[in-house]
Every structure is written in structure tokens, then in C-alpha cells.
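Listing of start_14.txt, compact mmCIF, C-alpha atoms
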# COMPACT_ATOMS: atom_id res chain seq x y z
CA MET S 7 -8.82 -13.86 -8.60
CA HIS S 8 -8.13 -13.94 -12.29
CA LYS S 9 -4.70 -12.76 -13.33
CA HIS S 10 -4.19 -11.17 -16.73
CA ASN S 11 -0.88 -10.88 -18.56
CA LYS S 12 -0.67 -9.40 -22.04
CA LYS S 13 2.05 -10.59 -24.37
CA ARG S 14 4.50 -7.83 -25.26
CA HIS S 15 5.39 -7.37 -28.90
CA GLY S 16 8.76 -6.51 -30.40
CA SER S 17 12.26 -7.90 -30.00
CA TYR S 18 13.36 -5.52 -27.25
CA PHE S 19 11.40 -7.12 -24.44
CA ALA S 20 12.56 -10.54 -25.60
CA ASN S 21 15.93 -9.62 -24.09
CA PHE S 22 14.45 -9.30 -20.62
CA PRO S 23 12.69 -11.83 -18.44
CA SER S 24 8.92 -11.52 -18.44
CA PRO S 25 7.29 -10.62 -15.15
CA SER S 26 6.98 -13.83 -13.17
CA PRO S 27 3.70 -14.86 -11.60
CA SER S 28 5.14 -13.90 -8.25
CA SER S 29 5.57 -10.30 -9.46
CA SER S 30 1.79 -9.79 -9.69
CA PRO S 31 0.13 -11.53 -6.76
CA ALA S 32 -3.34 -10.85 -5.57
CA PRO S 33 -3.00 -7.99 -3.08
CA SER S 34 -1.54 -9.39 0.15
CA GLY S 35 -2.91 -12.85 -0.55
CA VAL S 36 -6.54 -11.69 -0.60
CA TYR S 37 -8.75 -13.78 -2.89
CA PRO S 38 -12.25 -12.28 -2.92
CA THR S 39 -15.18 -14.63 -3.12
CA GLN S 40 -17.99 -14.29 -5.63
CA SER S 41 -19.97 -12.14 -3.19
CA ALA S 42 -17.13 -9.60 -3.03
CA THR S 43 -17.38 -8.81 -6.77
CA PHE S 44 -19.36 -5.72 -7.75
CA ASN S 45 -20.18 -5.79 -11.47
CA ILE S 46 -21.05 -2.37 -12.86
CA LEU S 47 -23.86 -3.96 -14.89
CA SER S 48 -25.56 -4.93 -11.64
CA PHE S 49 -25.82 -1.25 -10.76
CA GLY S 50 -27.69 -0.21 -13.88
CA ALA S 51 -24.87 0.36 -16.40
CA LYS S 52 -25.85 -0.17 -20.04
CA GLY S 53 -22.37 -0.76 -21.45
CA ASN S 54 -23.32 0.41 -24.94
CA GLY S 55 -20.77 3.24 -25.20
CA VAL S 56 -23.53 5.85 -25.57
CA SER S 57 -25.51 5.90 -22.32
CA ASP S 58 -23.99 7.66 -19.33
CA ASP S 59 -22.82 4.94 -16.94
CA SER S 60 -21.19 7.30 -14.42
CA LYS S 61 -23.84 6.84 -11.71
CA ALA S 62 -23.59 3.07 -11.99
CA LEU S 63 -19.81 3.19 -11.54
CA LEU S 64 -20.13 5.48 -8.53
CA ALA S 65 -22.76 3.20 -6.95
CA ALA S 66 -20.57 0.14 -7.49
CA TRP S 67 -17.62 2.02 -6.02
CA LYS S 68 -19.50 3.06 -2.86
CA SER S 69 -20.67 -0.48 -2.25
CA ALA S 70 -17.29 -2.10 -2.87
CA CYS S 71 -15.48 0.53 -0.81
CA LYS S 72 -17.07 -0.91 2.35
CA VAL S 73 -15.82 -4.49 1.78
CA THR S 74 -12.29 -5.74 2.37
CA GLY S 75 -10.81 -7.30 -0.77
CA ALA S 76 -13.73 -6.26 -2.98
CA VAL S 77 -13.53 -6.22 -6.79
CA ILE S 78 -15.27 -3.60 -8.92
CA GLU S 79 -15.73 -5.33 -12.26
CA ILE S 80 -15.81 -3.65 -15.67
CA PRO S 81 -16.73 -6.71 -17.76
CA SER S 82 -15.22 -7.49 -21.14
CA GLU S 83 -17.10 -6.95 -24.42
CA PHE S 84 -18.85 -3.83 -23.08
CA LYS S 85 -18.10 -0.13 -23.51
CA PHE S 86 -18.93 2.23 -20.67
CA LEU S 87 -19.23 5.98 -21.18
CA ILE S 88 -18.06 7.63 -17.97
CA LYS S 89 -18.26 11.37 -17.39
CA PRO S 90 -15.72 13.13 -15.13
CA ILE S 91 -15.86 11.41 -11.77
CA THR S 92 -14.05 11.30 -8.42
CA LEU S 93 -13.73 7.92 -6.71
CA ARG S 94 -12.91 8.67 -3.08
CA GLY S 95 -11.54 6.75 -0.19
CA PRO S 96 -10.72 5.89 2.39
CA CYS S 97 -11.98 2.41 1.58
CA MET S 98 -11.45 -1.00 3.11
CA THR S 99 -8.07 -2.38 2.10
CA HIS S 100 -7.16 -4.41 -0.99
CA LEU S 101 -9.86 -2.94 -3.21
CA VAL S 102 -9.42 -3.97 -6.86
CA PHE S 103 -10.68 -2.11 -9.93
CA GLN S 104 -10.85 -4.87 -12.55
CA ILE S 105 -11.04 -3.35 -16.04
CA ASP S 106 -11.62 -6.00 -18.69
CA GLY S 107 -13.99 -3.96 -20.87
CA THR S 108 -13.59 -0.42 -22.19
CA ILE S 109 -14.10 2.79 -20.24
CA MET S 110 -14.63 5.83 -22.49
CA ALA S 111 -14.45 9.56 -21.80
CA PRO S 112 -17.02 11.96 -23.34
CA PRO S 113 -15.69 12.81 -26.81
CA ASN S 114 -17.42 16.19 -27.10
CA VAL S 115 -15.22 18.93 -25.62
CA GLY S 116 -18.21 21.19 -25.04
CA SER S 117 -19.85 18.66 -22.72
CA TRP S 118 -17.13 19.07 -20.07
CA SER S 119 -17.91 21.56 -17.31
CA LYS S 120 -15.24 24.04 -16.22
CA SER S 121 -14.89 22.31 -12.86
CA SER S 122 -14.09 18.97 -14.51
CA LEU S 123 -11.30 20.13 -16.83
CA TYR S 124 -8.45 19.02 -14.54
CA ARG S 125 -9.23 15.33 -14.53
CA TRP S 126 -11.41 12.63 -15.98
CA ILE S 127 -11.22 9.78 -13.44
CA ASN S 128 -9.89 11.06 -10.14
CA PHE S 129 -8.84 8.74 -7.29
CA LYS S 130 -8.38 10.27 -3.83
CA TRP S 131 -7.29 9.05 -0.41
CA LEU S 132 -6.84 5.38 -1.25
CA HIS S 133 -4.66 2.79 0.45
CA ASN S 134 -3.73 -0.70 -0.85
CA PHE S 135 -5.62 -0.26 -4.11
CA THR S 136 -5.11 -2.01 -7.46
CA ILE S 137 -6.17 -1.28 -11.03
CA GLN S 138 -5.73 -4.30 -13.30
CA GLY S 139 -7.24 -6.13 -16.24
CA THR S 140 -7.13 -6.71 -19.98
CA GLY S 141 -9.33 -3.74 -20.83
CA ILE S 142 -8.90 -0.21 -22.17
CA VAL S 143 -9.21 3.24 -20.63
CA ASP S 144 -9.93 5.49 -23.63
CA GLY S 145 -9.66 9.25 -23.16
CA GLN S 146 -10.99 9.96 -26.68
CA GLY S 147 -8.72 12.99 -26.85
CA SER S 148 -8.58 13.67 -30.59
CA ASN S 149 -11.04 16.58 -30.44
CA TRP S 150 -8.97 18.23 -27.72
CA TRP S 151 -5.74 17.90 -29.71
CA SER S 152 -7.00 19.09 -33.07
CA SER S 153 -8.71 22.11 -31.56
CA SER S 154 -5.68 23.05 -29.47
CA GLN S 155 -3.50 23.61 -32.52
CA ILE S 156 -2.92 27.22 -33.52
CA ASN S 157 -4.72 28.25 -36.69
CA PRO S 158 -1.93 29.49 -39.03
CA LEU S 159 -4.29 32.02 -40.66
CA LYS S 160 -5.78 33.51 -37.49
CA LYS S 161 -2.65 32.86 -35.41
CA LYS S 162 -4.67 32.10 -32.31
CA ARG S 163 -6.28 29.16 -30.61
CA SER S 164 -9.91 28.28 -30.95
CA LYS S 165 -11.99 30.06 -28.29
CA ILE S 166 -14.16 27.01 -27.67
CA ILE S 167 -11.25 24.94 -26.36
CA PRO S 168 -10.18 25.70 -22.78
CA ASP S 169 -6.49 25.99 -21.96
CA MET S 170 -6.82 23.27 -19.32
CA LYS S 171 -7.37 19.70 -20.49
CA PRO S 172 -8.21 16.64 -18.40
CA THR S 173 -5.80 13.95 -17.27
CA ALA S 174 -7.20 10.46 -17.83
CA LEU S 175 -6.36 8.76 -14.51
CA ARG S 176 -5.17 10.83 -11.56
CA PHE S 177 -4.27 9.67 -8.05
CA TYR S 178 -4.06 12.11 -5.17
CA ALA S 179 -2.86 11.45 -1.61
CA SER S 180 -2.90 7.68 -2.10
CA TYR S 181 -0.59 4.95 -0.79
CA ASN S 182 0.45 1.47 -1.92
CA ILE S 183 -1.13 1.73 -5.36
CA THR S 184 -0.68 -0.85 -8.13
CA VAL S 185 -1.58 -0.33 -11.79
CA ARG S 186 -0.95 -3.32 -14.05
CA ASP S 187 -1.82 -4.89 -17.39
CA VAL S 188 -4.35 -2.31 -18.60
CA ARG S 189 -4.16 -0.09 -21.69
CA ILE S 190 -4.61 3.69 -21.36
CA VAL S 191 -5.05 5.42 -24.71
CA ASN S 192 -5.64 8.86 -26.24
CA SER S 193 -5.91 11.00 -23.13
CA PRO S 194 -6.65 14.69 -23.77
CA LEU S 195 -3.63 15.50 -21.58
CA CYS S 196 -1.52 13.29 -19.29
CA HIS S 197 -2.51 9.60 -19.23
CA LEU S 198 -1.59 8.51 -15.67
CA LYS S 199 -0.70 10.95 -12.90
CA PHE S 200 0.30 10.55 -9.26
CA ASP S 201 0.34 13.53 -6.91
CA ASN S 202 1.23 13.50 -3.19
CA SER S 203 1.33 9.72 -3.18
CA GLU S 204 3.65 7.00 -1.94
CA GLY S 205 4.35 3.35 -2.72
CA VAL S 206 3.39 3.15 -6.40
CA LYS S 207 3.92 0.07 -8.58
CA ILE S 208 3.22 0.18 -12.34
CA ASN S 209 3.76 -3.03 -14.28
CA ASN S 210 3.03 -4.32 -17.77
CA ILE S 211 0.81 -1.45 -18.93
CA THR S 212 0.47 0.10 -22.37
CA ILE S 213 0.02 3.82 -22.93
CA SER S 214 -0.67 5.00 -26.45
CA ALA S 215 -1.34 8.35 -28.15
CA PRO S 216 -0.09 9.85 -31.42
CA ALA S 217 3.22 11.69 -31.56
CA THR S 218 1.30 14.80 -32.62
CA SER S 219 -0.97 14.85 -29.54
CA PRO S 220 0.21 17.84 -27.45
CA ASN S 221 1.21 17.46 -23.79
CA THR S 222 0.01 13.87 -23.52
CA ASP S 223 2.64 12.66 -21.03
CA GLY S 224 2.56 8.93 -20.38
CA ILE S 225 3.20 8.79 -16.62
CA HIS S 226 3.53 11.97 -14.57
CA LEU S 227 4.87 11.97 -11.00
CA GLN S 228 4.71 14.93 -8.62
CA ASN S 229 5.40 15.01 -4.88
CA THR S 230 5.43 11.22 -4.98
CA LYS S 231 8.02 8.80 -3.63
CA ASP S 232 8.86 5.09 -3.59
CA VAL S 233 7.81 4.35 -7.18
CA GLU S 234 8.59 1.45 -9.51
CA ILE S 235 7.60 1.58 -13.19
CA GLN S 236 8.51 -1.53 -15.17
CA HIS S 237 7.91 -3.72 -18.23
CA SER S 238 5.63 -1.30 -20.04
CA ASN S 239 5.20 0.28 -23.47
CA ILE S 240 4.65 4.03 -23.70
CA ALA S 241 3.98 6.03 -26.87
CA CYS S 242 2.71 9.60 -26.59
CA GLY S 243 3.12 13.24 -27.61
CA ASP S 244 5.23 14.36 -24.64
CA ASP S 245 7.42 12.77 -21.93
CA CYS S 246 7.02 9.01 -21.66
CA VAL S 247 7.77 9.44 -17.96
CA SER S 248 7.81 12.90 -16.34
CA ILE S 249 9.31 13.26 -12.85
CA GLN S 250 8.55 16.55 -11.16
CA THR S 251 9.36 18.28 -7.90
CA GLY S 252 8.97 16.41 -4.62
CA CYS S 253 9.82 13.00 -6.09
CA SER S 254 12.35 10.60 -4.61
CA ASN S 255 13.21 6.90 -4.72
CA VAL S 256 11.89 6.33 -8.24
CA HIS S 257 12.98 3.33 -10.34
CA VAL S 258 11.99 3.19 -14.01
CA HIS S 259 13.16 0.07 -15.84
CA HIS S 260 12.45 -2.20 -18.81
CA ILE S 261 10.37 0.42 -20.59
CA SER S 262 9.87 0.92 -24.32
CA CYS S 263 9.41 4.64 -25.07
CA GLY S 264 8.50 6.19 -28.40
CA PRO S 265 7.23 8.23 -29.93
CA GLY S 266 7.50 10.83 -27.20
CA HIS S 267 9.99 13.11 -25.46
CA GLY S 268 11.93 10.46 -23.54
CA VAL S 269 12.27 10.22 -19.75
CA SER S 270 12.49 13.67 -18.18
CA LEU S 271 13.12 15.23 -14.79
CA GLY S 272 11.41 18.62 -14.82
CA GLY S 273 10.93 21.37 -15.77
CA LEU S 274 11.88 22.33 -12.26
CA GLY S 275 12.09 25.67 -10.46
CA LYS S 276 9.60 27.68 -12.49
CA ASP S 277 8.84 31.18 -11.12
CA ARG S 278 11.75 30.90 -8.66
CA SER S 279 10.11 27.98 -6.86
CA VAL S 280 12.00 25.40 -4.79
CA ALA S 281 12.32 22.01 -6.50
CA CYS S 282 13.68 18.88 -4.81
CA VAL S 283 14.24 15.62 -6.68
CA SER S 284 16.53 12.80 -5.52
CA ASN S 285 17.40 9.12 -5.86
CA ILE S 286 16.13 8.48 -9.38
CA LYS S 287 17.21 5.39 -11.32
CA VAL S 288 16.32 4.86 -14.99
CA ASP S 289 17.72 1.71 -16.61
CA ASN S 290 17.12 -0.91 -19.29
CA ILE S 291 15.15 1.45 -21.53
CA PHE S 292 14.57 1.33 -25.28
CA MET S 293 13.74 4.62 -26.99
CA ALA S 294 12.83 4.99 -30.66
CA ASN S 295 11.91 8.14 -32.60
CA THR S 296 11.80 10.37 -29.52
CA LEU S 297 12.77 14.04 -29.27
CA TYR S 298 14.99 13.41 -26.25
CA GLY S 299 16.39 10.46 -24.37
CA ALA S 300 17.58 11.03 -20.80
CA ARG S 301 16.78 14.64 -19.87
CA ILE S 302 16.95 17.00 -16.89
CA LYS S 303 15.38 20.43 -17.43
CA THR S 304 15.28 23.35 -15.00
CA TRP S 305 14.13 26.96 -15.23
CA GLN S 306 16.47 29.87 -14.61
CA GLY S 307 16.09 31.41 -11.17
CA GLY S 308 14.84 28.28 -9.45
CA LEU S 309 16.00 26.92 -6.09
CA GLY S 310 16.56 23.46 -4.65
CA SER S 311 18.35 20.47 -6.13
CA VAL S 312 18.36 17.42 -8.38
CA LYS S 313 20.76 14.82 -7.04
CA ASN S 314 21.63 11.13 -7.18
CA VAL S 315 20.27 10.36 -10.64
CA THR S 316 21.36 7.44 -12.83
CA PHE S 317 20.50 6.78 -16.46
CA SER S 318 22.01 3.44 -17.51
CA ASN S 319 21.73 0.77 -20.21
CA ILE S 320 19.61 2.87 -22.56
CA GLN S 321 19.30 1.77 -26.19
CA LEU S 322 18.41 4.45 -28.72
CA SER S 323 17.15 4.54 -32.28
CA GLU S 324 16.62 7.82 -34.15
CA VAL S 325 16.56 9.97 -31.00
CA LYS S 326 16.98 13.68 -31.67
CA VAL S 327 19.07 14.54 -28.56
CA PRO S 328 19.90 11.45 -26.44
CA ILE S 329 21.50 13.15 -23.39
CA MET S 330 20.45 16.53 -22.00
CA ILE S 331 20.87 18.71 -18.93
CA ASP S 332 19.26 22.06 -19.66
CA GLN S 333 19.32 24.67 -16.90
CA TYR S 334 17.99 27.27 -19.32
CA TYR S 335 14.68 25.54 -20.02
CA CYS S 336 12.05 27.79 -21.57
CA ASP S 337 8.70 26.74 -23.05
CA LYS S 338 8.23 29.93 -25.07
CA ASN S 339 10.26 31.99 -27.51
CA ILE S 340 11.92 34.26 -24.95
CA CYS S 341 12.47 33.82 -21.21
CA LYS S 342 14.06 36.39 -18.89
CA ASN S 343 17.66 35.73 -17.92
CA GLN S 344 17.96 35.10 -14.18
CA THR S 345 20.77 34.23 -11.80
CA GLY S 346 20.49 31.17 -9.61
CA ALA S 347 19.31 27.72 -10.57
CA VAL S 348 18.17 24.38 -9.26
CA ALA S 349 21.48 22.67 -8.38
CA VAL S 350 22.24 19.52 -10.37
CA SER S 351 24.69 17.03 -8.85
CA GLY S 352 25.47 13.34 -8.79
CA VAL S 353 24.15 12.49 -12.26
CA LYS S 354 25.49 9.41 -14.07
CA PHE S 355 24.98 8.59 -17.75
CA ASP S 356 26.20 5.01 -18.25
CA GLN S 357 25.92 2.81 -21.35
CA ILE S 358 23.85 5.12 -23.53
CA ILE S 359 24.12 3.51 -26.94
CA GLY S 360 22.44 4.03 -30.32
CA THR S 361 21.69 6.61 -32.99
CA TYR S 362 20.79 10.31 -32.87
CA SER S 363 19.37 12.67 -35.47
CA ALA S 364 20.38 16.16 -34.23
CA GLN S 365 22.92 16.37 -31.37
CA PRO S 366 24.55 13.62 -29.28
CA ILE S 367 24.69 15.49 -25.97
CA HIS S 368 23.54 18.86 -24.64
CA LEU S 369 24.84 19.88 -21.21
CA ALA S 370 23.89 23.53 -20.68
CA CYS S 371 24.56 24.19 -17.01
CA SER S 372 23.98 27.46 -15.19
CA ASN S 373 26.70 30.10 -15.16
CA SER S 374 26.09 30.71 -11.46
CA VAL S 375 25.37 27.14 -10.29
CA PRO S 376 27.49 24.62 -12.23
CA CYS S 377 26.49 20.97 -12.60
CA VAL S 378 28.81 18.84 -10.45
CA ASP S 379 29.64 15.14 -10.22
CA VAL S 380 28.28 14.46 -13.71
CA ASP S 381 29.71 11.16 -14.99
CA LEU S 382 29.82 10.05 -18.62
CA ILE S 383 30.62 6.34 -18.94
CA ASP S 384 30.52 4.21 -22.09
CA ILE S 385 28.55 6.58 -24.33
CA GLN S 386 28.37 5.37 -27.94
CA LEU S 387 26.21 7.55 -30.16
CA LYS S 388 26.27 7.62 -33.93
CA PRO S 389 24.34 9.80 -36.39
CA SER S 390 21.23 8.21 -37.83
CA PRO S 391 21.63 7.20 -41.47
CA GLY S 392 20.60 10.09 -43.71
CA SER S 393 20.46 12.67 -40.90
CA ALA S 394 21.03 16.27 -41.96
CA GLY S 395 22.16 19.24 -39.87
CA ILE S 396 23.99 17.25 -37.21
CA GLN S 397 25.35 19.45 -34.41
CA GLN S 398 28.44 18.97 -32.28
CA ALA S 399 28.19 18.13 -28.60
CA LEU S 400 27.32 21.16 -26.46
CA CYS S 401 28.89 21.14 -23.01
CA TRP S 402 28.88 24.17 -20.70
CA ASN S 403 29.92 24.54 -17.07
CA SER S 404 29.61 20.85 -16.19
CA TYR S 405 32.05 19.12 -13.84
CA GLY S 406 32.64 15.45 -13.25
CA LYS S 407 34.49 12.56 -14.81
CA SER S 408 34.32 10.49 -17.96
CA ARG S 409 35.39 7.01 -18.97
CA ALA S 410 35.91 5.63 -22.45
CA PRO S 411 34.49 4.73 -24.83
CA LEU S 412 32.98 8.14 -25.64
CA VAL S 413 31.60 8.43 -29.17
CA PRO S 414 31.58 10.93 -30.81
CA SER S 415 34.94 12.27 -29.73
CA SER S 416 33.47 15.77 -29.25
CA MET S 417 32.25 14.48 -25.86
CA ASP S 418 35.83 14.00 -24.61
CA TYR S 419 35.86 17.40 -22.94
CA CYS S 420 32.21 17.58 -21.90
CA VAL S 421 32.88 17.40 -18.17
CA ARG S 422 35.76 19.08 -16.42
CA SER S 423 37.51 18.08 -13.23
CA GLY S 424 35.71 19.79 -10.38
CA ASN S 425 37.13 21.71 -7.48
CA ASP S 426 35.99 22.40 -3.93
CA LEU S 427 34.77 25.90 -4.72
CA VAL S 428 32.47 24.65 -7.50
CA LYS S 429 31.03 21.97 -5.24
CA ARG S 430 30.46 24.41 -2.39
CA ILE S 431 28.49 26.71 -4.70
CA SER S 432 26.29 23.81 -5.83
CA ARG S 433 25.72 22.53 -2.30
CA SER S 434 24.68 25.97 -1.05
CA TYR S 435 21.67 25.70 -3.37
CA GLU S 436 20.95 22.10 -2.32
CA ASP S 437 20.43 23.30 1.25
CA ARG S 438 16.96 24.56 0.30
CA CYS S 439 15.70 20.97 0.15
Can the structure from this file be put into C-alpha cells for me?
Amino acid sequence: MHKHNKKRHGSYFANFPSPSPSSSPAPSGVYPTQSATFNILSFGAKGNGVSDDSKALLAAWKSACKVTGAVIEIPSEFKFLIKPITLRGPCMTHLVFQIDGTIMAPPNVGSWSKSSLYRWINFKWLHNFTIQGTGIVDGQGSNWWSSSQINPLKKKRSKIIPDMKPTALRFYASYNITVRDVRIVNSPLCHLKFDNSEGVKINNITISAPATSPNTDGIHLQNTKDVEIQHSNIACGDDCVSIQTGCSNVHVHHISCGPGHGVSLGGLGKDRSVACVSNIKVDNIFMANTLYGARIKTWQGGLGSVKNVTFSNIQLSEVKVPIMIDQYYCDKNICKNQTGAVAVSGVKFDQIIGTYSAQPIHLACSNSVPCVDVDLIDIQLKPSPGSAGIQQALCWNSYGKSRAPLVPSSMDYCVRSGNDLVKRISRSYEDRC
């Protein structure tokens, strides 16, 4: 099987070893023969970027699904227009979706039916499945973004644009999934989403959308565990990586993020729901020109817990707010004050170094459920050259320990020494998970 590795640009990745050949083997040593390759052109696809090639892709999928180690091939130098589609399993194991050409979403918003607004390419019930290649998955989202902006004269959104927008690639109830080497660009909404899945490996991919594209998260995880995201470049209009409720054992490392909103846990606990997130490790990250860096955000009134989270070795350039825990998250002008909160405990910020443009740290913990065991270690943050309106560190109701150096000095008193009563209060909320 052909293996494709794109060269990463920029000096940041030069500091880290490139993925070795052993990091991207053919699935479980399976090397399909020529007869196990299902080229979409052989199923009637035109590949001209205008004709609808959805039926050809579905036919190739159904045939390949029956063969162990099969490869569905999207050949290079062709463009395939694919309408909203669901590619279902279960299939025979070690199925590979080889994308070397370009897959394009319908650019006309009006051509999408109401039932297709949640996703563009939807993968369900797959096991031991790989997406790889040198090609592009193009969501052609610009019409969705421009039309979703509020008209300043009419002060309302265009009626022809639905509130829901499609995610480019979505996996549901799938296990042992690998996505590597491909480029995913300009999704109307989230670029790559995993829901109710387990055993996810993402390596050496590029995600790209303008900073002004609304809600275009790079990678979105929900109710998904045992995830590794590594050696990838993400630029988008929202969170580079978004980790939502039901996620555990997630490792994000050697990622370049920006523009975007950083790496975020949440928002969690909306509408008094129970949110459970644990064992998250984010390290060796470079962020440039992002709104946030390492962020945890929860709604007032929520239940459950966020625990055992580490953000370490994060380099920053021109990040608005590098470190944030916000237990008063609100996505509109006014939100109702509520008691109770998703408990936040066991969070470590270690070696967060670089420049900020608004505020170095923002720890706004709940009055009723304090943040506990929050550690600040070797934090060195300086204002970006020419920044105006710099704010002091904001630290409220957070308990833990700190270790020098801490720059700026306003962080010296960000975390207080905890006591047993504070920890008991926090743990009483953790019991919901």
C-alpha cells in the first residue's frame, strides 16, 4: 500500500521528530492486492467537480465494505462533487478510504435538504477503518459563513440560511479509527467530529479555514475515549480542538494551532446537564494569533466534573488570553445566575510560555464549587509588543499550588492553599460521574 507523508512547513515542527515510518503502518499488516482496490471512477464517477458523483462513491463503498483490507480510491488529479452521504458499516476489517484527489461539498446552500444539514460525509458503525492520502476534503463553506453573519442594518440573520450547518466529516459509534495525512478545508461548521467512538488516532493532517469563519472547530470530540491527536496543523474560526462531555483518555500533542480559539474543554453542563471529562493531556503545542490558549469552560448550574487535566509545554505568540478556567461561560449577552457547577479539579498548567495581547490568565471559578488542585508551574507570559488595554490576571476561588517562575507577578496569588472543606465540596459534585 502506498504511504503518503506531507512535509510540514514552519520552524516549530522542526523542533520535534517527524513521524517515523513505523508510526503509520498499513492497518495490522494488511497489504491489499490490486483486486482489493475500488476506484470510484470504475463505478461511474466523472471527477470533473460538477457532476454528482455521490452514487458512484456509495457503490464503491458497498463493494469494498464486503472485502477485508479493501481500499476505496479517490484518485489524484480529479475533483469529485459529493452530496450529503452516509457511509455505513459494519464492514470487513481494515477498510481504507484513500483520498488522493479532491472531494467537494455542494457550494450552494439552497441545494441542501433539511435532513442533511447536520453532516456532509457521515461514517457510522465502523471498526478498524482508515482515512489517508495526499488529497483534499473541501467543504466549500464560504457561502454558509457569509450568509450567517448578522446584517448590521436589518439586525437579523438571512432567512435563507438555516441555523444548523453541516460538519464535514463525522464519525458515529466507530472504533479503532485512523485519520492521517489528508487536508480538510473550509467546512461550513466543524471539520472533523467523533461522537460515541473509541480508539481514535489522528496524525499529520491539515485543517484550514479562515479566522472569520464562524463555529468551524478543527477537531470536535464528544462521548469519545482513547484518542491521540498528533503532528498536525489546525487553523480555523473556533476551537482548534474541542473536547466535550463524555471524553476521557485524550492526548493532544505536537499541534500547531492558529488562527482559532485554542484547545478547549467545553462548554460543559449547559441546561443543568451532567458533564464528565477526565484524563486529558495537551502538550507540545504551538499557538499563534488565537483568542485563547488552554481553556476550560463550563456553564453555571451544571453537574459532573472535569478532572486530571494537564496543559504543558505550550508556546504562545499573540494569544489573547493564554490560560483560562471559566465556570461562568455564556455564549450570549446575558445568562441567568445559577448555583452549582461542573466541578473542576486536578488541573495542571506547566511551562506555558510566550506573549499575550489581553490578559495573561483568567481563573473564574464558581462561588459554590471552587476549583481545586489547580497547579501553576513555570508560567512566563509577556505582553505582545504594541498591545493596548492589557488587563491584570483574574483569579477567583481557585485552590492549588504554584511554583516559580510566574510572570507576570500578578499571578503570584492566583491559587490559594486548599483545605479539606473545599475539596469535599468539589468532590460531592464529582460523584455525579
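Distance-wise, atom CA of S:Cys253 and atom CA of S:Thr230 end up 4.9 Å apart.
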Interatomic distance (Å, one decimal) between atom CA of S:Phe200 and atom CA of S:Thr184: 11.5 Å
Skipping near chain neighbours, those fewer than 6 positions away, what residues fall within 10 Å of S:Lys276 using all atoms listed in the file, listed as a tab-separated table (two decimals) with C-alpha atoms, in the frame of the given file?
chain	number	residue	atom	x	y	z
S	304	THR	CA	15.28	23.35	-15.00
S	305	TRP	CA	14.13	26.96	-15.23
S	306	GLN	CA	16.47	29.87	-14.61
S	307	GLY	CA	16.09	31.41	-11.17
S	308	GLY	CA	14.84	28.28	-9.45
S	309	LEU	CA	16.00	26.92	-6.09
S	335	TYR	CA	14.68	25.54	-20.02
S	336	CYS	CA	12.05	27.79	-21.57
S	347	ALA	CA	19.31	27.72	-10.57
S	348	VAL	CA	18.17	24.38	-9.26
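Proximity to S:Asp332 at 10 Å, evaluated using only C-alpha atoms and with sequence-adjacent residues fewer than 2 positions away removed, yields S:Gly272, S:Gly273, S:Arg301, S:Ile302, S:Lys303, S:Thr304, S:Trp305, S:Gln306, S:Ile329, S:Met330, S:Tyr334, S:Tyr335, S:Cys336, S:His368, S:Leu369, S:Ala370, S:Cys371, S:Ser372, S:Trp402.
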Sphere at (16.0, 3.3, -26.0), radius 12 Å, counting only C-alpha atoms: residues as number ranges by chain: S: 18-19, 239-240, 246, 259-269, 288-300, 317-329, 357-362, 387
Test item: residues at most 12 Å from stretch 80-87 of chain S, all atoms listed in the file, excluding those fewer than 3 positions along its chain, as a PyMOL selection string: chain S and resi 43-63+66-67+77+90-91+102-114+126-127+137-146+188
C-alpha atoms of the current selection, written as an mmCIF file, in the coordinates of the input:
data_model
loop_
_atom_site.group_PDB
_atom_site.id
_atom_site.type_symbol
_atom_site.label_atom_id
_atom_site.label_comp_id
_atom_site.auth_asym_id
_atom_site.auth_seq_id
_atom_site.Cartn_x
_atom_site.Cartn_y
_atom_site.Cartn_z
ATOM 1 C CA THR S 43 -17.380 -8.810 -6.770
ATOM 2 C CA PHE S 44 -19.360 -5.720 -7.750
ATOM 3 C CA ASN S 45 -20.180 -5.790 -11.470
ATOM 4 C CA ILE S 46 -21.050 -2.370 -12.860
ATOM 5 C CA LEU S 47 -23.860 -3.960 -14.890
ATOM 6 C CA SER S 48 -25.560 -4.930 -11.640
ATOM 7 C CA PHE S 49 -25.820 -1.250 -10.760
ATOM 8 C CA GLY S 50 -27.690 -0.210 -13.880
ATOM 9 C CA ALA S 51 -24.870 0.360 -16.400
ATOM 10 C CA LYS S 52 -25.850 -0.170 -20.040
ATOM 11 C CA GLY S 53 -22.370 -0.760 -21.450
ATOM 12 C CA ASN S 54 -23.320 0.410 -24.940
ATOM 13 C CA GLY S 55 -20.770 3.240 -25.200
ATOM 14 C CA VAL S 56 -23.530 5.850 -25.570
ATOM 15 C CA SER S 57 -25.510 5.900 -22.320
ATOM 16 C CA ASP S 58 -23.990 7.660 -19.330
ATOM 17 C CA ASP S 59 -22.820 4.940 -16.940
ATOM 18 C CA SER S 60 -21.190 7.300 -14.420
ATOM 19 C CA LYS S 61 -23.840 6.840 -11.710
ATOM 20 C CA ALA S 62 -23.590 3.070 -11.990
ATOM 21 C CA LEU S 63 -19.810 3.190 -11.540
ATOM 22 C CA ALA S 66 -20.570 0.140 -7.490
ATOM 23 C CA TRP S 67 -17.620 2.020 -6.020
ATOM 24 C CA VAL S 77 -13.530 -6.220 -6.790
ATOM 25 C CA PRO S 90 -15.720 13.130 -15.130
ATOM 26 C CA ILE S 91 -15.860 11.410 -11.770
ATOM 27 C CA VAL S 102 -9.420 -3.970 -6.860
ATOM 28 C CA PHE S 103 -10.680 -2.110 -9.930
ATOM 29 C CA GLN S 104 -10.850 -4.870 -12.550
ATOM 30 C CA ILE S 105 -11.040 -3.350 -16.040
ATOM 31 C CA ASP S 106 -11.620 -6.000 -18.690
ATOM 32 C CA GLY S 107 -13.990 -3.960 -20.870
ATOM 33 C CA THR S 108 -13.590 -0.420 -22.190
ATOM 34 C CA ILE S 109 -14.100 2.790 -20.240
ATOM 35 C CA MET S 110 -14.630 5.830 -22.490
ATOM 36 C CA ALA S 111 -14.450 9.560 -21.800
ATOM 37 C CA PRO S 112 -17.020 11.960 -23.340
ATOM 38 C CA PRO S 113 -15.690 12.810 -26.810
ATOM 39 C CA ASN S 114 -17.420 16.190 -27.100
ATOM 40 C CA TRP S 126 -11.410 12.630 -15.980
ATOM 41 C CA ILE S 127 -11.220 9.780 -13.440
ATOM 42 C CA ILE S 137 -6.170 -1.280 -11.030
ATOM 43 C CA GLN S 138 -5.730 -4.300 -13.300
ATOM 44 C CA GLY S 139 -7.240 -6.130 -16.240
ATOM 45 C CA THR S 140 -7.130 -6.710 -19.980
ATOM 46 C CA GLY S 141 -9.330 -3.740 -20.830
ATOM 47 C CA ILE S 142 -8.900 -0.210 -22.170
ATOM 48 C CA VAL S 143 -9.210 3.240 -20.630
ATOM 49 C CA ASP S 144 -9.930 5.490 -23.630
ATOM 50 C CA GLY S 145 -9.660 9.250 -23.160
ATOM 51 C CA GLN S 146 -10.990 9.960 -26.680
ATOM 52 C CA VAL S 188 -4.350 -2.310 -18.600
#
From S:Val233, S:Ile367, S:Ala174, S:Val378, residue lying nearest S:Pro414 [all atoms listed in the file]: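 Checking each candidate against S:Pro414, we get S:Ile367 as the closest.
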Nearest to S:Asn149 by atom-to-atom distance, counting all atoms listed in the file, from S:Pro194, S:Pro172, S:Gly275, S:Gly243: S:Pro194
